[in-house]
Amino acid sequence: MKAQAQICCRVIAVVVIALSSGVLTFAQDGKLTVHVTPKQAYIFVDDHPVIEGNKRHTLRLSAGDHKVELVNYGYTPSTQTVTITAGKTTNVDVTLTPVTGTVSGPFGAMTIEGASQAAILLNGKTPEFFVGHGDEFNHEWGWKQELVVPPGSYQVSALWGDKEVWGGSVDVAANQRVVIGVPKGVRKTVPWPRGEKLTSVPRFTAGEASATVAIAKPTAQLSTSTAQVNCGDSSQLNWSSADAPQVEITPVGPVASSGQQSVQPLQTTTYNLTAVGPGGTATSSTTVNVNNAIQSNLGLSSAEVHYKRIGDKVLVNDSTALNWTAENASTVSIDPLGTVNSSGSRSLQVVPKKTDFGQVDETVTYTLNASNGCGGTDTKTATLHIVGSIEQPEIKLTRSVYFPTDRPRSIKSDEALLPSEKETLKSVADAFREYLTYQPDARLVLSGHADKRGAQAYNKPLSERRAALAKKFLVDQGIPEANIETQAFGKEQNLTADQVKQRVEQDPSLSAEERQKTLQKMQTVVFAYNRRVDVAVKPIGQESDREYPFKSQDLAALMDRNGPAKTGGTVELAAEKEKMKSK
């Protein structure tokens, strides 16, 4: 190629780069002077190829920052940002560092004609894919100017300024030379015997009228630190590549030429490393197998517990422990407990759903549901058996409490409560106090009665005093007043003579002779039976037995139909009071 034509092309390149940089008037421009070694290196400005650097070049650029790249295959490229000042000249002087080592065969070759000043790029259009300019590969005469490549398929681009003067796919076989004519394309493929003799070639060799650029085939290696992981665990990808400016791992994305990266796949994933360079494409792959299976267990330390409640008091309520594990799970819940950790233990003390009285025989089912972000699920169940009883509390009430005729006149004194009847009320207090521990809201109901003698207007207040006196005595024994109710009936609910007779005849405490004598004074006995306070328990409705205390030491005072009289401090029978109306 003649020197005059070369100078012309260079001027065109300067104009092209000036226009591509948006320069409208020279007054806004500055100058960039570039000198680079080796002289075959190519100058790129703002990613556009400008001209080969075979001498010091002065370029006119718009004021501001510009990206300047100096590249030559077989050398480490230089990239820098240069600030251009309007009306001033900025100098860049760079010596590129050669890449050591040679390139091994097999080889094929390309000859590129008709693009002497164009930048030649293989498999990409950025400076990283630059392999030389057309003048280095344009003949196969005595002085060799050849592009030596590994056998394969290439996407060749000839760029001049901001234009692609030719681009196309070229297949190169081993020991074959492909001749490309720009702009028409591949012109012919011919044998290349020299390729058979080449074993190892330097990446870049240039003489006065010769040049050999030997392109290295990229290498790629990808591995993983752990090939088998559980869901949620990480593995580390390790990779390296050479002679490949474009490196990508799918599905990760673009990466550096070598490095490490932690990955956390949710399913078995194959990672593919693709390294693309001027010399072709290299690939490597590795697989991380993800175990999404969940191993879970759910169990009870005791599958059966006992429960016993009397009234409101729980006497037995066994506990048990629910134990679980869920390996390889990220979310774990136990119904009905809710969300839990992947492993743990929970103490359980279960109350049966049954609330009424009777036998308890229930089951509670616990269900563990485990899952992870990788689609794994597992379910386990454990059943707890609850056995026992809910019982109504019992209270042992003795008999009703009986009073002498026309007593009490007042509740200020408990004299009307004879010793035997006080003992009866004490036994009621003891039994009810125990009962309250099971049934705190239970109540004693004291119902006062009077015999039929006298008017109701007198008898009802008399029966009220009897109930009130019994209540006062029970409160003194420690029974809460709030748990005692009183009511008075006077003579409205008297036992009849027949009812009393039946009770006497069935009283086991009386002998036949005693029973006969008692029945002979029936009217007096009927009166005595109706001078009483009955005791009942709410809410169960249990009542005291209307059994008369025939064996009591206080029998005479209780049976006296005329009422007691105090003489010398003793209670005596007073026949003269037989006519009293208040009974």
# chains A, B, ... in the order shown; residues from 1 in each chain; ligands from 1
$ select_by_dssp --residues "range 356-456 of chain A" --states "helix (DSSP H, G or I)" --output "ChimeraX atom specification"
/A:419-438,456
$ residues_around --residues "Lys88 in chain A" --least-positions-apart "6" --cutoff "12 Å" --atoms "only C-alpha atoms" --output "PyMOL selection string"
chain A and resi 26-33+58-64
$ write_last_selection --atoms "C-alpha atoms" --output "PDB file, in the first residue's frame"
ATOM      1  CA  PHE A  26     -13.085  24.003  15.651  1.00  0.00           C
ATOM      2  CA  ALA A  27     -13.092  26.773  18.240  1.00  0.00           C
ATOM      3  CA  GLN A  28     -14.533  24.291  20.738  1.00  0.00           C
ATOM      4  CA  ASP A  29     -11.891  21.627  20.028  1.00  0.00           C
ATOM      5  CA  GLY A  30      -8.635  20.661  21.608  1.00  0.00           C
ATOM      6  CA  LYS A  31      -5.916  18.327  20.414  1.00  0.00           C
ATOM      7  CA  LEU A  32      -4.778  14.897  21.531  1.00  0.00           C
ATOM      8  CA  THR A  33      -1.302  13.740  20.553  1.00  0.00           C
ATOM      9  CA  THR A  58      -2.487  14.336  16.595  1.00  0.00           C
ATOM     10  CA  LEU A  59      -6.256  14.094  16.784  1.00  0.00           C
ATOM     11  CA  ARG A  60      -8.732  16.945  17.049  1.00  0.00           C
ATOM     12  CA  LEU A  61     -11.361  16.209  19.726  1.00  0.00           C
ATOM     13  CA  SER A  62     -14.143  18.142  21.385  1.00  0.00           C
ATOM     14  CA  ALA A  63     -13.366  19.649  24.780  1.00  0.00           C
ATOM     15  CA  GLY A  64     -14.183  17.362  27.718  1.00  0.00           C
TER      16      GLY A  64
END
$ residues_around --residues "Ala41 in chain A" --least-positions-apart "5" --cutoff "12 Å" --atoms "only C-alpha atoms" --output "VMD selection string"
chain A and resid 34 to 36 49 to 56 69 to 78 94 to 98 117 119 to 120 127 130 to 133 136 204 206
$ select_by_dssp --residues "range 169-253 of chain A" --states "strand (DSSP E or B)" --output "ChimeraX atom specification"
/A:169-172,176-181,185-191,200-202,204-206,211-214,219-224,228-230,235-242,246-250,253
$ write_last_selection --atoms "C-alpha atoms" --output "PDB file, in the first residue's frame"
ATOM      1  CA  SER A 169     -19.122 -15.360   9.543  1.00  0.00           C
ATOM      2  CA  VAL A 170     -15.963 -17.146   8.515  1.00  0.00           C
ATOM      3  CA  ASP A 171     -15.205 -20.844   9.004  1.00  0.00           C
ATOM      4  CA  VAL A 172     -11.540 -21.748   9.226  1.00  0.00           C
ATOM      5  CA  GLN A 176      -6.467 -24.071   5.587  1.00  0.00           C
ATOM      6  CA  ARG A 177      -6.259 -20.382   4.705  1.00  0.00           C
ATOM      7  CA  VAL A 178      -9.417 -18.347   4.094  1.00  0.00           C
ATOM      8  CA  VAL A 179      -9.083 -15.307   1.855  1.00  0.00           C
ATOM      9  CA  ILE A 180     -11.570 -12.500   2.580  1.00  0.00           C
ATOM     10  CA  GLY A 181     -12.080  -9.627   0.177  1.00  0.00           C
ATOM     11  CA  GLY A 185     -16.609 -11.296   1.809  1.00  0.00           C
ATOM     12  CA  VAL A 186     -15.001 -14.728   1.679  1.00  0.00           C
ATOM     13  CA  ARG A 187     -13.279 -15.120  -1.651  1.00  0.00           C
ATOM     14  CA  LYS A 188     -11.683 -18.542  -1.381  1.00  0.00           C
ATOM     15  CA  THR A 189     -10.246 -21.192   0.908  1.00  0.00           C
ATOM     16  CA  VAL A 190      -6.886 -22.694   0.001  1.00  0.00           C
ATOM     17  CA  PRO A 191      -4.514 -25.215   1.584  1.00  0.00           C
ATOM     18  CA  SER A 200       3.929 -23.007  19.035  1.00  0.00           C
ATOM     19  CA  VAL A 201       3.715 -19.407  17.833  1.00  0.00           C
ATOM     20  CA  PRO A 202       4.226 -16.063  19.635  1.00  0.00           C
ATOM     21  CA  PHE A 204       2.512 -11.110  18.004  1.00  0.00           C
ATOM     22  CA  THR A 205       5.451 -10.918  15.645  1.00  0.00           C
ATOM     23  CA  ALA A 206       6.083  -7.968  13.314  1.00  0.00           C
ATOM     24  CA  ALA A 211       3.382  -9.605  10.654  1.00  0.00           C
ATOM     25  CA  THR A 212       2.026 -12.718  12.272  1.00  0.00           C
ATOM     26  CA  VAL A 213      -0.742 -12.451  14.843  1.00  0.00           C
ATOM     27  CA  ALA A 214      -1.509 -15.811  16.478  1.00  0.00           C
ATOM     28  CA  THR A 219      -9.910 -21.458  28.177  1.00  0.00           C
ATOM     29  CA  ALA A 220     -12.578 -21.818  30.841  1.00  0.00           C
ATOM     30  CA  GLN A 221     -12.859 -23.817  34.016  1.00  0.00           C
ATOM     31  CA  LEU A 222     -15.824 -23.820  36.415  1.00  0.00           C
ATOM     32  CA  SER A 223     -16.243 -25.858  39.605  1.00  0.00           C
ATOM     33  CA  THR A 224     -18.244 -25.777  42.810  1.00  0.00           C
ATOM     34  CA  GLN A 228     -24.809 -31.380  47.086  1.00  0.00           C
ATOM     35  CA  VAL A 229     -26.589 -28.886  49.374  1.00  0.00           C
ATOM     36  CA  ASN A 230     -29.751 -28.775  51.416  1.00  0.00           C
ATOM     37  CA  SER A 235     -22.249 -23.419  47.556  1.00  0.00           C
ATOM     38  CA  GLN A 236     -19.314 -21.487  46.121  1.00  0.00           C
ATOM     39  CA  LEU A 237     -18.619 -21.254  42.407  1.00  0.00           C
ATOM     40  CA  ASN A 238     -14.949 -21.039  41.458  1.00  0.00           C
ATOM     41  CA  TRP A 239     -13.934 -20.195  37.931  1.00  0.00           C
ATOM     42  CA  SER A 240     -11.033 -19.096  35.799  1.00  0.00           C
ATOM     43  CA  SER A 241     -10.652 -18.196  32.155  1.00  0.00           C
ATOM     44  CA  ALA A 242      -7.984 -16.877  29.825  1.00  0.00           C
ATOM     45  CA  GLN A 246     -16.324 -11.602  27.663  1.00  0.00           C
ATOM     46  CA  VAL A 247     -17.134 -14.069  30.444  1.00  0.00           C
ATOM     47  CA  GLU A 248     -20.578 -15.024  31.636  1.00  0.00           C
ATOM     48  CA  ILE A 249     -22.032 -17.640  33.943  1.00  0.00           C
ATOM     49  CA  THR A 250     -25.645 -18.572  33.467  1.00  0.00           C
ATOM     50  CA  GLY A 253     -24.733 -13.195  34.590  1.00  0.00           C
TER      51      GLY A 253
END
$ residues_around --residues "Pro150 in chain A" --least-positions-apart "5" --cutoff "9 Å" --atoms "only C-alpha atoms" --output "list in words"
Ser104, Gly105, Pro106, Phe107, Gly108, Ala109, Val172, Ala173, Ala174, Ala214, Ile215, Ala216, Lys217, Gly279 and Gly280 of chain A
$ write_last_selection --atoms "C-alpha atoms" --output "compact mmCIF listing (two decimals), in the first residue's frame"
# COMPACT_ATOMS: atom_id res chain seq x y z
CA SER A 104 -0.20 -23.77 20.50
CA GLY A 105 -1.82 -25.33 17.42
CA PRO A 106 -3.59 -26.67 15.51
CA PHE A 107 -3.95 -23.60 13.32
CA GLY A 108 -5.74 -22.14 10.34
CA ALA A 109 -5.21 -18.71 8.81
CA VAL A 172 -11.54 -21.75 9.23
CA ALA A 173 -10.35 -25.35 9.07
CA ALA A 174 -7.02 -26.64 10.32
CA ALA A 214 -1.51 -15.81 16.48
CA ILE A 215 -4.82 -15.81 18.30
CA ALA A 216 -5.13 -17.95 21.42
CA LYS A 217 -8.20 -20.08 21.96
CA GLY A 279 -9.96 -17.03 19.42
CA GLY A 280 -13.43 -18.50 19.87
$ closest_residue --among "A:Pro408, A:Gly167, A:Gly207, A:Gly490" --to "Pro38 in chain A" --atoms "only C-alpha atoms"
A:Gly207
$ residues_around --residues "Thr281 in chain A" --least-positions-apart "5" --cutoff "8 Å" --atoms "only C-alpha atoms" --output "mmCIF file with N, CA, C and O atoms, in the first residue's frame"
data_model
loop_
_atom_site.group_PDB
_atom_site.id
_atom_site.type_symbol
_atom_site.label_atom_id
_atom_site.label_comp_id
_atom_site.auth_asym_id
_atom_site.auth_seq_id
_atom_site.Cartn_x
_atom_site.Cartn_y
_atom_site.Cartn_z
ATOM 1 N N LYS A 217 -6.841 -19.598 21.693
ATOM 2 C CA LYS A 217 -8.195 -20.077 21.958
ATOM 3 C C LYS A 217 -8.500 -19.874 23.446
ATOM 4 O O LYS A 217 -7.669 -20.196 24.307
ATOM 5 N N PRO A 218 -9.652 -19.324 23.792
ATOM 6 C CA PRO A 218 -9.968 -19.114 25.219
ATOM 7 C C PRO A 218 -10.005 -20.429 25.987
ATOM 8 O O PRO A 218 -10.252 -21.503 25.432
ATOM 9 N N ALA A 244 -10.169 -14.374 27.095
ATOM 10 C CA ALA A 244 -11.606 -14.185 26.867
ATOM 11 C C ALA A 244 -12.058 -12.902 27.555
ATOM 12 O O ALA A 244 -12.220 -12.888 28.786
ATOM 13 N N THR A 274 -19.339 -19.459 30.068
ATOM 14 C CA THR A 274 -19.033 -19.233 28.648
ATOM 15 C C THR A 274 -18.012 -18.115 28.554
ATOM 16 O O THR A 274 -18.265 -16.991 29.018
ATOM 17 N N ALA A 275 -16.870 -18.414 27.989
ATOM 18 C CA ALA A 275 -15.791 -17.437 27.829
ATOM 19 C C ALA A 275 -15.589 -17.192 26.330
ATOM 20 O O ALA A 275 -15.250 -18.114 25.579
ATOM 21 N N VAL A 276 -15.836 -15.954 25.914
ATOM 22 C CA VAL A 276 -15.756 -15.605 24.488
ATOM 23 C C VAL A 276 -14.578 -14.665 24.281
ATOM 24 O O VAL A 276 -14.428 -13.652 24.997
#
$ atom_distance --atom1 "CA of Glu415 in chain A" --atom2 "CA of Arg466 in chain A"
11.5 Å
$ residues_around --residues "Ser301 in chain A" --least-positions-apart "5" --cutoff "12 Å" --atoms "only C-alpha atoms" --output "PyMOL selection string"
chain A and resi 318-324+345-348+382-384
$ closest_residue --among "A:Leu474, A:Leu495, A:Leu425, A:Ser410" --to "Leu462 in chain A" --atoms "only C-alpha atoms"
A:Ser410
